[in-house]
$ cat target-v9.cif   # mmCIF, C-alpha atoms
data_structure
#
loop_
_atom_site.label_atom_id
_atom_site.label_comp_id
_atom_site.auth_asym_id
_atom_site.auth_seq_id
_atom_site.Cartn_x
_atom_site.Cartn_y
_atom_site.Cartn_z
CA MET A 1 0.66 72.21 18.68
CA SER A 2 1.48 68.65 19.72
CA HIS A 3 1.80 65.91 17.12
CA THR A 4 0.27 62.54 17.98
CA LEU A 5 2.25 59.59 16.66
CA ILE A 6 -0.29 57.56 14.68
CA ILE A 7 0.66 53.93 14.14
CA ALA A 8 -1.32 51.96 11.57
CA GLU A 9 -1.09 48.39 12.78
CA ALA A 10 -1.04 46.15 9.69
CA GLY A 11 0.04 43.30 11.94
CA VAL A 12 -0.66 40.05 10.16
CA ASN A 13 -3.47 41.43 8.00
CA HIS A 14 -1.30 40.78 4.93
CA ASN A 15 -2.21 37.08 5.38
CA GLY A 16 1.36 36.11 4.53
CA SER A 17 1.32 37.88 1.15
CA LEU A 18 4.02 40.45 0.30
CA SER A 19 1.83 42.01 -2.38
CA THR A 20 -0.98 42.47 0.17
CA ALA A 21 1.53 43.93 2.63
CA LYS A 22 2.53 46.50 -0.01
CA ARG A 23 -1.10 47.39 -0.61
CA LEU A 24 -1.39 47.98 3.14
CA VAL A 25 1.61 50.32 2.94
CA ASP A 26 -0.12 52.20 0.12
CA ALA A 27 -3.29 52.56 2.18
CA ALA A 28 -1.44 53.72 5.30
CA ALA A 29 0.56 56.29 3.32
CA GLU A 30 -2.63 57.57 1.70
CA ALA A 31 -4.27 57.87 5.14
CA GLY A 32 -1.45 60.12 6.33
CA VAL A 33 -0.34 58.09 9.36
CA ASP A 34 3.20 58.31 10.72
CA ILE A 35 4.10 54.63 10.93
CA ILE A 36 2.92 51.33 9.49
CA LYS A 37 3.70 48.41 11.78
CA PHE A 38 3.95 44.74 10.96
CA GLN A 39 4.80 41.70 13.12
CA THR A 40 8.05 39.73 12.98
CA PHE A 41 8.22 36.15 14.18
CA LYS A 42 8.92 32.56 13.38
CA ALA A 43 5.93 30.51 14.45
CA GLU A 44 8.01 27.65 15.87
CA ARG A 45 9.83 30.07 18.16
CA LEU A 46 6.65 31.82 19.25
CA VAL A 47 4.23 29.03 20.21
CA SER A 48 4.38 25.38 21.12
CA LYS A 49 2.77 22.77 18.89
CA ASP A 50 -0.04 22.36 21.44
CA ALA A 51 -0.96 26.06 21.70
CA LYS A 52 -4.60 26.72 20.83
CA LYS A 53 -6.09 29.72 19.07
CA ALA A 54 -7.87 32.38 21.09
CA ASP A 55 -11.66 32.27 20.87
CA TYR A 56 -11.79 35.39 18.67
CA GLN A 57 -9.23 33.81 16.31
CA LYS A 58 -11.38 30.68 16.01
CA ARG A 59 -14.43 32.82 15.24
CA ASN A 60 -12.69 35.05 12.74
CA ILE A 61 -10.88 32.33 10.82
CA GLY A 62 -13.50 29.59 11.08
CA ASP A 63 -11.40 26.86 9.48
CA GLY A 64 -12.01 24.27 12.21
CA ASP A 65 -8.30 24.07 13.03
CA ASP A 66 -7.51 25.03 16.64
CA SER A 67 -3.74 25.12 16.13
CA GLN A 68 -2.15 28.51 16.80
CA LEU A 69 1.10 27.21 15.30
CA ALA A 70 -0.48 26.44 11.93
CA MET A 71 -2.25 29.80 11.88
CA LEU A 72 0.90 31.78 12.68
CA LYS A 73 3.02 29.80 10.23
CA SER A 74 0.76 31.03 7.42
CA LEU A 75 1.16 34.65 8.57
CA GLU A 76 4.95 34.92 8.67
CA LEU A 77 6.92 37.46 6.66
CA SER A 78 10.36 36.32 5.52
CA GLU A 79 13.52 38.36 6.06
CA ALA A 80 13.51 39.13 2.35
CA ASP A 81 9.93 40.41 2.71
CA HIS A 82 11.10 42.75 5.47
CA TYR A 83 13.90 44.19 3.37
CA GLU A 84 11.51 44.82 0.51
CA LEU A 85 8.90 46.41 2.77
CA VAL A 86 11.48 48.71 4.38
CA ALA A 87 12.48 49.92 0.92
CA TYR A 88 8.89 50.22 -0.22
CA CYS A 89 7.92 52.27 2.83
CA ARG A 90 10.86 54.59 2.17
CA GLU A 91 9.65 55.02 -1.39
CA LYS A 92 6.12 55.82 -0.17
CA GLY A 93 7.27 58.27 2.50
CA ILE A 94 6.04 56.33 5.51
CA ARG A 95 8.05 54.87 8.38
CA PHE A 96 8.34 51.06 8.55
CA TRP A 97 8.15 49.42 11.95
CA SER A 98 7.56 45.94 13.29
CA THR A 99 6.94 44.11 16.56
CA ALA A 100 9.16 41.13 17.32
CA PHE A 101 7.71 38.15 19.16
CA ASP A 102 10.81 36.05 19.78
CA MET A 103 14.46 36.64 20.68
CA GLU A 104 15.90 35.90 17.24
CA SER A 105 13.40 38.30 15.67
CA LEU A 106 14.65 41.00 18.05
CA ASP A 107 18.14 40.48 16.67
CA PHE A 108 16.87 40.67 13.10
CA LEU A 109 14.93 43.89 13.71
CA HIS A 110 17.98 45.34 15.43
CA SER A 111 19.92 44.74 12.22
CA LEU A 112 17.37 46.91 10.39
CA ASN A 113 18.22 49.93 12.60
CA LEU A 114 14.60 50.90 13.19
CA GLY A 115 15.51 52.90 16.32
CA LEU A 116 12.27 52.19 18.16
CA TRP A 117 10.98 49.09 19.96
CA LYS A 118 7.56 47.70 20.73
CA ILE A 119 6.78 45.49 23.70
CA PRO A 120 3.42 43.90 22.86
CA SER A 121 0.92 43.06 25.58
CA GLY A 122 1.65 39.36 25.38
CA GLU A 123 5.35 39.86 26.10
CA ILE A 124 5.02 42.19 29.09
CA THR A 125 5.80 39.32 31.50
CA ASN A 126 8.68 38.00 29.34
CA TYR A 127 11.73 39.03 31.37
CA PRO A 128 14.45 37.93 28.90
CA PHE A 129 12.59 39.63 26.03
CA ILE A 130 12.19 42.94 27.87
CA LYS A 131 15.77 42.88 29.15
CA LYS A 132 17.10 42.36 25.62
CA ILE A 133 15.05 45.28 24.30
CA ALA A 134 16.38 47.48 27.12
CA SER A 135 19.94 46.52 26.16
CA PHE A 136 19.54 48.29 22.81
CA GLY A 137 19.21 51.63 24.63
CA GLU A 138 16.57 52.92 22.21
CA PRO A 139 13.05 54.30 22.82
CA VAL A 140 10.35 51.77 23.73
CA ILE A 141 6.58 51.77 23.32
CA MET A 142 4.94 49.20 25.61
CA SER A 143 1.36 47.97 25.35
CA THR A 144 -0.43 46.94 28.53
CA GLY A 145 -3.35 44.74 27.56
CA MET A 146 -4.26 42.12 30.18
CA CYS A 147 -2.23 44.10 32.75
CA ASP A 148 -2.72 45.59 36.15
CA GLU A 149 -0.37 48.17 37.64
CA ASP A 150 1.87 45.54 39.19
CA ASP A 151 2.51 44.02 35.75
CA ILE A 152 3.41 47.46 34.38
CA ARG A 153 5.59 48.23 37.39
CA ASN A 154 7.51 44.97 37.02
CA ALA A 155 8.10 45.51 33.29
CA MET A 156 9.16 49.11 33.91
CA ALA A 157 11.67 47.90 36.49
CA VAL A 158 13.26 45.55 33.95
CA LEU A 159 13.59 48.39 31.45
CA THR A 160 14.99 50.95 33.88
CA ASP A 161 17.22 48.50 35.76
CA ASN A 162 18.82 47.69 32.41
CA GLY A 163 19.61 51.21 31.38
CA LEU A 164 16.52 52.84 29.90
CA ARG A 165 15.41 56.24 31.16
CA ARG A 166 11.75 56.97 31.79
CA GLU A 167 11.88 59.64 29.07
CA GLN A 168 12.57 56.84 26.58
CA ILE A 169 9.44 54.87 27.52
CA THR A 170 5.87 55.36 26.33
CA ILE A 171 3.14 53.18 27.82
CA LEU A 172 0.02 52.39 25.81
CA HIS A 173 -3.20 51.63 27.62
CA CYS A 174 -4.77 48.68 25.85
CA ASN A 175 -7.41 45.96 25.99
CA THR A 176 -6.63 42.82 24.01
CA GLN A 177 -10.16 41.61 23.32
CA TYR A 178 -10.89 41.81 19.56
CA PRO A 179 -13.11 43.80 19.34
CA THR A 180 -13.04 45.46 22.75
CA PRO A 181 -16.48 46.14 24.27
CA MET A 182 -16.92 49.85 24.97
CA ALA A 183 -17.63 49.10 28.64
CA ASP A 184 -14.16 47.55 28.93
CA VAL A 185 -12.15 50.36 27.32
CA ASN A 186 -11.58 52.23 30.62
CA LEU A 187 -9.86 55.09 28.82
CA ARG A 188 -9.23 57.03 32.03
CA ALA A 189 -6.74 54.33 33.00
CA MET A 190 -4.40 55.95 30.48
CA LEU A 191 -4.29 59.05 32.69
CA THR A 192 -3.73 56.92 35.78
CA ILE A 193 -0.73 55.31 34.10
CA LYS A 194 0.68 58.73 33.22
CA HIS A 195 0.27 59.92 36.81
CA ASP A 196 1.57 56.79 38.50
CA PHE A 197 4.56 56.05 36.26
CA GLY A 198 5.63 59.51 35.09
CA VAL A 199 5.93 58.58 31.42
CA GLU A 200 4.37 59.56 28.12
CA VAL A 201 1.20 57.58 27.46
CA GLY A 202 -0.93 56.56 24.52
CA TYR A 203 -3.62 54.13 23.51
CA SER A 204 -3.61 50.94 21.47
CA ASP A 205 -7.17 50.45 20.26
CA HIS A 206 -9.10 47.29 19.44
CA THR A 207 -12.62 48.73 19.52
CA GLN A 208 -14.76 48.96 16.44
CA GLY A 209 -14.90 52.42 14.90
CA ILE A 210 -12.75 55.50 15.39
CA GLU A 211 -14.34 57.30 18.36
CA VAL A 212 -12.14 55.92 21.13
CA PRO A 213 -8.71 56.70 19.65
CA ILE A 214 -9.94 60.22 18.87
CA ALA A 215 -11.10 60.58 22.48
CA ALA A 216 -7.72 59.28 23.65
CA VAL A 217 -5.97 62.13 21.83
CA ALA A 218 -8.34 64.63 23.43
CA LEU A 219 -7.32 63.17 26.82
CA GLY A 220 -3.63 63.55 26.04
CA ALA A 221 -2.46 60.43 24.21
CA ALA A 222 0.96 61.00 22.63
CA VAL A 223 0.64 57.79 20.59
CA VAL A 224 -2.33 56.06 19.00
CA GLU A 225 -2.13 52.58 17.51
CA LYS A 226 -4.97 51.08 15.46
CA HIS A 227 -5.31 47.89 13.44
CA PHE A 228 -6.32 48.27 9.83
CA THR A 229 -7.00 46.01 6.90
CA LEU A 230 -7.82 46.29 3.22
CA ASP A 231 -11.18 44.59 3.76
CA ARG A 232 -12.84 43.35 6.96
CA ALA A 233 -14.34 40.46 4.99
CA MET A 234 -10.89 38.92 4.45
CA LYS A 235 -10.06 35.70 6.27
CA GLY A 236 -7.68 36.04 9.18
CA PRO A 237 -7.55 36.56 12.95
CA ASP A 238 -7.58 40.38 13.11
CA HIS A 239 -9.48 41.68 10.08
CA LYS A 240 -12.87 41.96 11.76
CA ALA A 241 -11.55 44.29 14.49
CA SER A 242 -9.65 46.48 12.03
CA LEU A 243 -10.42 49.70 10.19
CA GLU A 244 -10.69 49.77 6.43
CA PRO A 245 -8.58 52.35 4.53
CA LYS A 246 -11.25 55.07 4.32
CA GLU A 247 -11.89 54.74 8.06
CA LEU A 248 -8.17 54.93 8.83
CA LYS A 249 -7.95 58.13 6.78
CA ALA A 250 -10.99 59.57 8.59
CA MET A 251 -9.47 58.72 11.99
CA THR A 252 -6.18 60.35 11.05
CA ALA A 253 -7.92 63.51 9.82
CA ALA A 254 -10.00 63.68 13.00
CA ILE A 255 -6.94 63.29 15.22
CA ARG A 256 -5.12 66.06 13.37
CA ASN A 257 -8.19 68.28 13.85
CA ILE A 258 -8.27 67.48 17.56
CA GLU A 259 -4.58 68.37 17.88
CA GLN A 260 -5.36 71.83 16.53
CA ALA A 261 -8.53 72.13 18.59
CA LEU A 262 -6.74 71.42 21.87
CA GLY A 263 -4.78 74.65 21.48
CA THR A 264 -2.41 76.18 24.01
CA GLY A 265 -4.61 76.19 27.10
CA GLU A 266 -4.43 79.98 27.35
CA LYS A 267 -7.86 81.64 27.25
CA CYS A 268 -7.67 84.50 24.78
CA VAL A 269 -9.53 86.07 21.86
CA SER A 270 -8.72 84.13 18.71
CA ALA A 271 -7.94 85.87 15.44
CA SER A 272 -10.95 84.27 13.78
CA GLU A 273 -13.45 85.65 16.31
CA ARG A 274 -12.00 89.09 16.89
CA ALA A 275 -14.19 90.68 14.20
CA ASN A 276 -17.31 89.36 15.98
CA ILE A 277 -16.74 91.57 19.02
CA ALA A 278 -18.26 94.64 17.37
CA VAL A 279 -21.20 92.63 16.02
CA ALA A 280 -22.16 90.55 19.07
CA ARG A 281 -21.36 92.85 21.98
CA LYS A 282 -23.30 95.96 22.97
CA SER A 283 -22.79 99.67 23.67
CA ILE A 284 -24.50 102.25 25.86
CA VAL A 285 -27.10 104.14 23.77
CA ALA A 286 -29.86 106.65 24.40
CA ALA A 287 -33.15 104.99 25.34
CA CYS A 288 -35.09 108.10 24.29
CA THR A 289 -34.41 111.67 23.17
CA VAL A 290 -31.78 113.16 25.44
CA LYS A 291 -30.96 116.88 25.41
CA LYS A 292 -27.50 118.31 25.96
CA GLY A 293 -26.96 118.84 29.67
CA ASP A 294 -29.56 116.24 30.77
CA ILE A 295 -28.38 113.93 33.53
CA LEU A 296 -27.84 110.40 32.16
CA THR A 297 -29.84 107.89 34.22
CA ASP A 298 -30.96 104.28 34.24
CA GLY A 299 -34.17 105.58 32.68
CA ASN A 300 -32.78 107.34 29.62
CA LEU A 301 -29.97 104.89 28.81
CA ALA A 302 -30.12 101.44 27.20
CA VAL A 303 -27.72 98.74 26.06
CA LYS A 304 -27.86 97.60 22.44
CA ARG A 305 -25.71 96.25 19.63
CA PRO A 306 -23.29 96.95 18.01
CA GLY A 307 -20.34 96.98 20.38
CA THR A 308 -18.46 99.87 18.80
CA GLY A 309 -19.30 102.45 21.47
CA ILE A 310 -18.89 102.72 25.22
CA SER A 311 -18.95 99.30 26.87
CA PRO A 312 -21.87 98.59 29.22
CA MET A 313 -19.21 97.55 31.74
CA ARG A 314 -18.66 101.34 32.20
CA TRP A 315 -22.35 101.82 33.15
CA ASN A 316 -21.64 103.25 36.60
CA GLU A 317 -19.10 105.62 35.11
CA VAL A 318 -21.71 107.01 32.65
CA VAL A 319 -24.79 107.17 34.91
CA GLY A 320 -24.97 110.52 36.73
CA THR A 321 -22.99 112.48 34.15
CA ARG A 322 -24.52 115.13 31.93
CA ALA A 323 -25.17 114.60 28.23
CA SER A 324 -22.38 116.12 26.15
CA LYS A 325 -24.79 116.82 23.31
CA ASP A 326 -28.29 116.03 22.05
CA PHE A 327 -28.88 112.29 21.49
CA GLU A 328 -31.58 110.64 19.40
CA PRO A 329 -33.04 107.25 20.49
CA ASP A 330 -30.53 104.41 19.84
CA GLU A 331 -27.69 106.88 19.29
CA MET A 332 -24.48 105.81 20.99
CA ILE A 333 -23.59 107.81 24.04
CA VAL A 334 -20.28 109.67 23.99
CA LEU A 335 -18.84 111.38 27.01
#
$ encode --input "target-v9.cif" --output "structure tokens"
Amino acid sequence: MSHTLIIAEAGVNHNGSLSTAKRLVDAAAEAGVDIIKFQTFKAERLVSKDAKKADYQKRNIGDGDDSQLAMLKSLELSEADHYELVAYCREKGIRFWSTAFDMESLDFLHSLNLGLWKIPSGEITNYPFIKKIASFGEPVIMSTGMCDEDDIRNAMAVLTDNGLRREQITILHCNTQYPTPMADVNLRAMLTIKHDFGVEVGYSDHTQGIEVPIAAVALGAAVVEKHFTLDRAMKGPDHKASLEPKELKAMTAAIRNIEQALGTGEKCVSASERANIAVARKSIVAACTVKKGDILTDGNLAVKRPGTGISPMRWNEVVGTRASKDFEPDEMIVL
């Protein structure tokens, strides 16, 4: 049975509060996910002072301030916060991870020895950023929101030209609209990516609800990433497109069920249904009183449950033979 890597994307839903970040760790651990992921950046190194918020950020925050810099500044985690969260995740039995958004943050995360890198959708055209990640020689998960295949191909070339093997790369199909309209999900594109690039694939979800990531696992996603929050009513850019803890737990349980349900692909009788064969299948029985020596024909034979006698698939073998003994109606024929 395959194991889908489930990443609970806390992102910036801590709103800059370490105590809230720890509560998110608690919720993710309780939900049974594999990884909780945060975001690592310094606002001044990420955006210029003139950068504006995305429309969904303006709607979700509603503070009348268009500045992306001011918003991101309030959502930073300090290096000390990171150290504490790494330790807290270890205590809670869940893996800590984070996405860097600037070059210095890559160096800091490298010092934490996380062993796995994320290229977010917004950095997929950032050559120096991708090249630096490739230089670490460690596995990479790359999101592809706002991308076409040429964007993916170019980013893949940077990774492989700088030493990464395809087996170290997982590509996540993604749409970056928060929330993503169902008509724009295009989940089959995940399979196209797998075919065209020969890598493991997964899905980073920004839809409302849990149906699409579950469907992605049924289609073969090796990784699922989903934003979550403590409460969608909280102020912040991503809360409204995030799951709440009970929903995250339900998604995780459903994915684990789907993993079992997918099975091996071999069509066979399962252990749980084997006992039903005798109950649901049928046997050849006497349709009326049959005397010993009578010729068995289509007229004096019938097919009825249970399936503990001669299988009806042997019909032609039985018809035309002589009765081995007297049979009462409904009595199973024996040769």
$ closest_atom_pairs --input "target-v9.cif" --of "range 14-55 of chain A" --to "range 88-112 of chain A" --cutoff "12 Å" --atoms "only C-alpha atoms" --output "tab-separated table"
residue	atom	partner	partner_atom	distance
A:Leu18	CA	A:Tyr88	CA	10.9
A:Ser19	CA	A:Tyr88	CA	11.0
A:Ala21	CA	A:Tyr88	CA	10.1
A:Lys22	CA	A:Tyr88	CA	7.4
A:Arg23	CA	A:Tyr88	CA	10.4
A:Leu24	CA	A:Cys89	CA	10.3
A:Val25	CA	A:Cys89	CA	6.6
A:Asp26	CA	A:Lys92	CA	7.2
A:Ala27	CA	A:Lys92	CA	10.2
A:Ala28	CA	A:Ile94	CA	7.9
A:Ala29	CA	A:Ile94	CA	5.9
A:Glu30	CA	A:Lys92	CA	9.1
A:Ala31	CA	A:Ile94	CA	10.4
A:Gly32	CA	A:Ile94	CA	8.4
A:Val33	CA	A:Ile94	CA	7.7
A:Asp34	CA	A:Ile94	CA	6.3
A:Ile35	CA	A:Arg95	CA	4.7
A:Ile36	CA	A:Phe96	CA	5.5
A:Lys37	CA	A:Trp97	CA	4.6
A:Phe38	CA	A:Ser98	CA	4.5
A:Gln39	CA	A:Thr99	CA	4.7
A:Thr40	CA	A:Ala100	CA	4.7
A:Phe41	CA	A:Phe101	CA	5.4
A:Lys42	CA	A:Asp102	CA	7.5
A:Ala43	CA	A:Asp102	CA	9.1
A:Glu44	CA	A:Asp102	CA	9.7
A:Arg45	CA	A:Asp102	CA	6.3
A:Leu46	CA	A:Asp102	CA	6.0
A:Val47	CA	A:Asp102	CA	9.6
$ atom_distance --input "target-v9.cif" --atom1 "CA of Asp184 in chain A" --atom2 "CA of Leu243 in chain A"
19.2 Å
$ resolve_selection --input "target-v9.cif" --expression "the PyMOL selection byres ((chain A and resi 333) around 9)" --output "list of chain:residue names"
A:Ser283, A:Ile284, A:Val285, A:Ala286, A:Leu301, A:Gly309, A:Ile310, A:Val318, A:Ala323, A:Ser324, A:Phe327, A:Asp330, A:Glu331, A:Met332, A:Val334, A:Leu335
$ atom_distance --input "target-v9.cif" --atom1 "CA of Arg322 in chain A" --atom2 "CA of Ile295 in chain A"
4.3 Å
$ resolve_selection --input "target-v9.cif" --expression "the PyMOL selection byres ((chain A and resi 291) around 8)" --output "short mmCIF file (atom, residue, chain, number, x, y, z; two decimals) with C-alpha atoms, in the coordinates of the input"
data_model
loop_
_atom_site.label_atom_id
_atom_site.label_comp_id
_atom_site.auth_asym_id
_atom_site.auth_seq_id
_atom_site.Cartn_x
_atom_site.Cartn_y
_atom_site.Cartn_z
CA THR A 289 -34.41 111.67 23.17
CA VAL A 290 -31.78 113.16 25.44
CA LYS A 292 -27.50 118.31 25.96
CA GLY A 293 -26.96 118.84 29.67
CA ASP A 294 -29.56 116.24 30.77
CA ALA A 323 -25.17 114.60 28.23
CA LYS A 325 -24.79 116.82 23.31
CA ASP A 326 -28.29 116.03 22.05
CA PHE A 327 -28.88 112.29 21.49
#
$ atom_distance --input "target-v9.cif" --atom1 "CA of Asn60 in chain A" --atom2 "CA of Ala233 in chain A"
9.6 Å
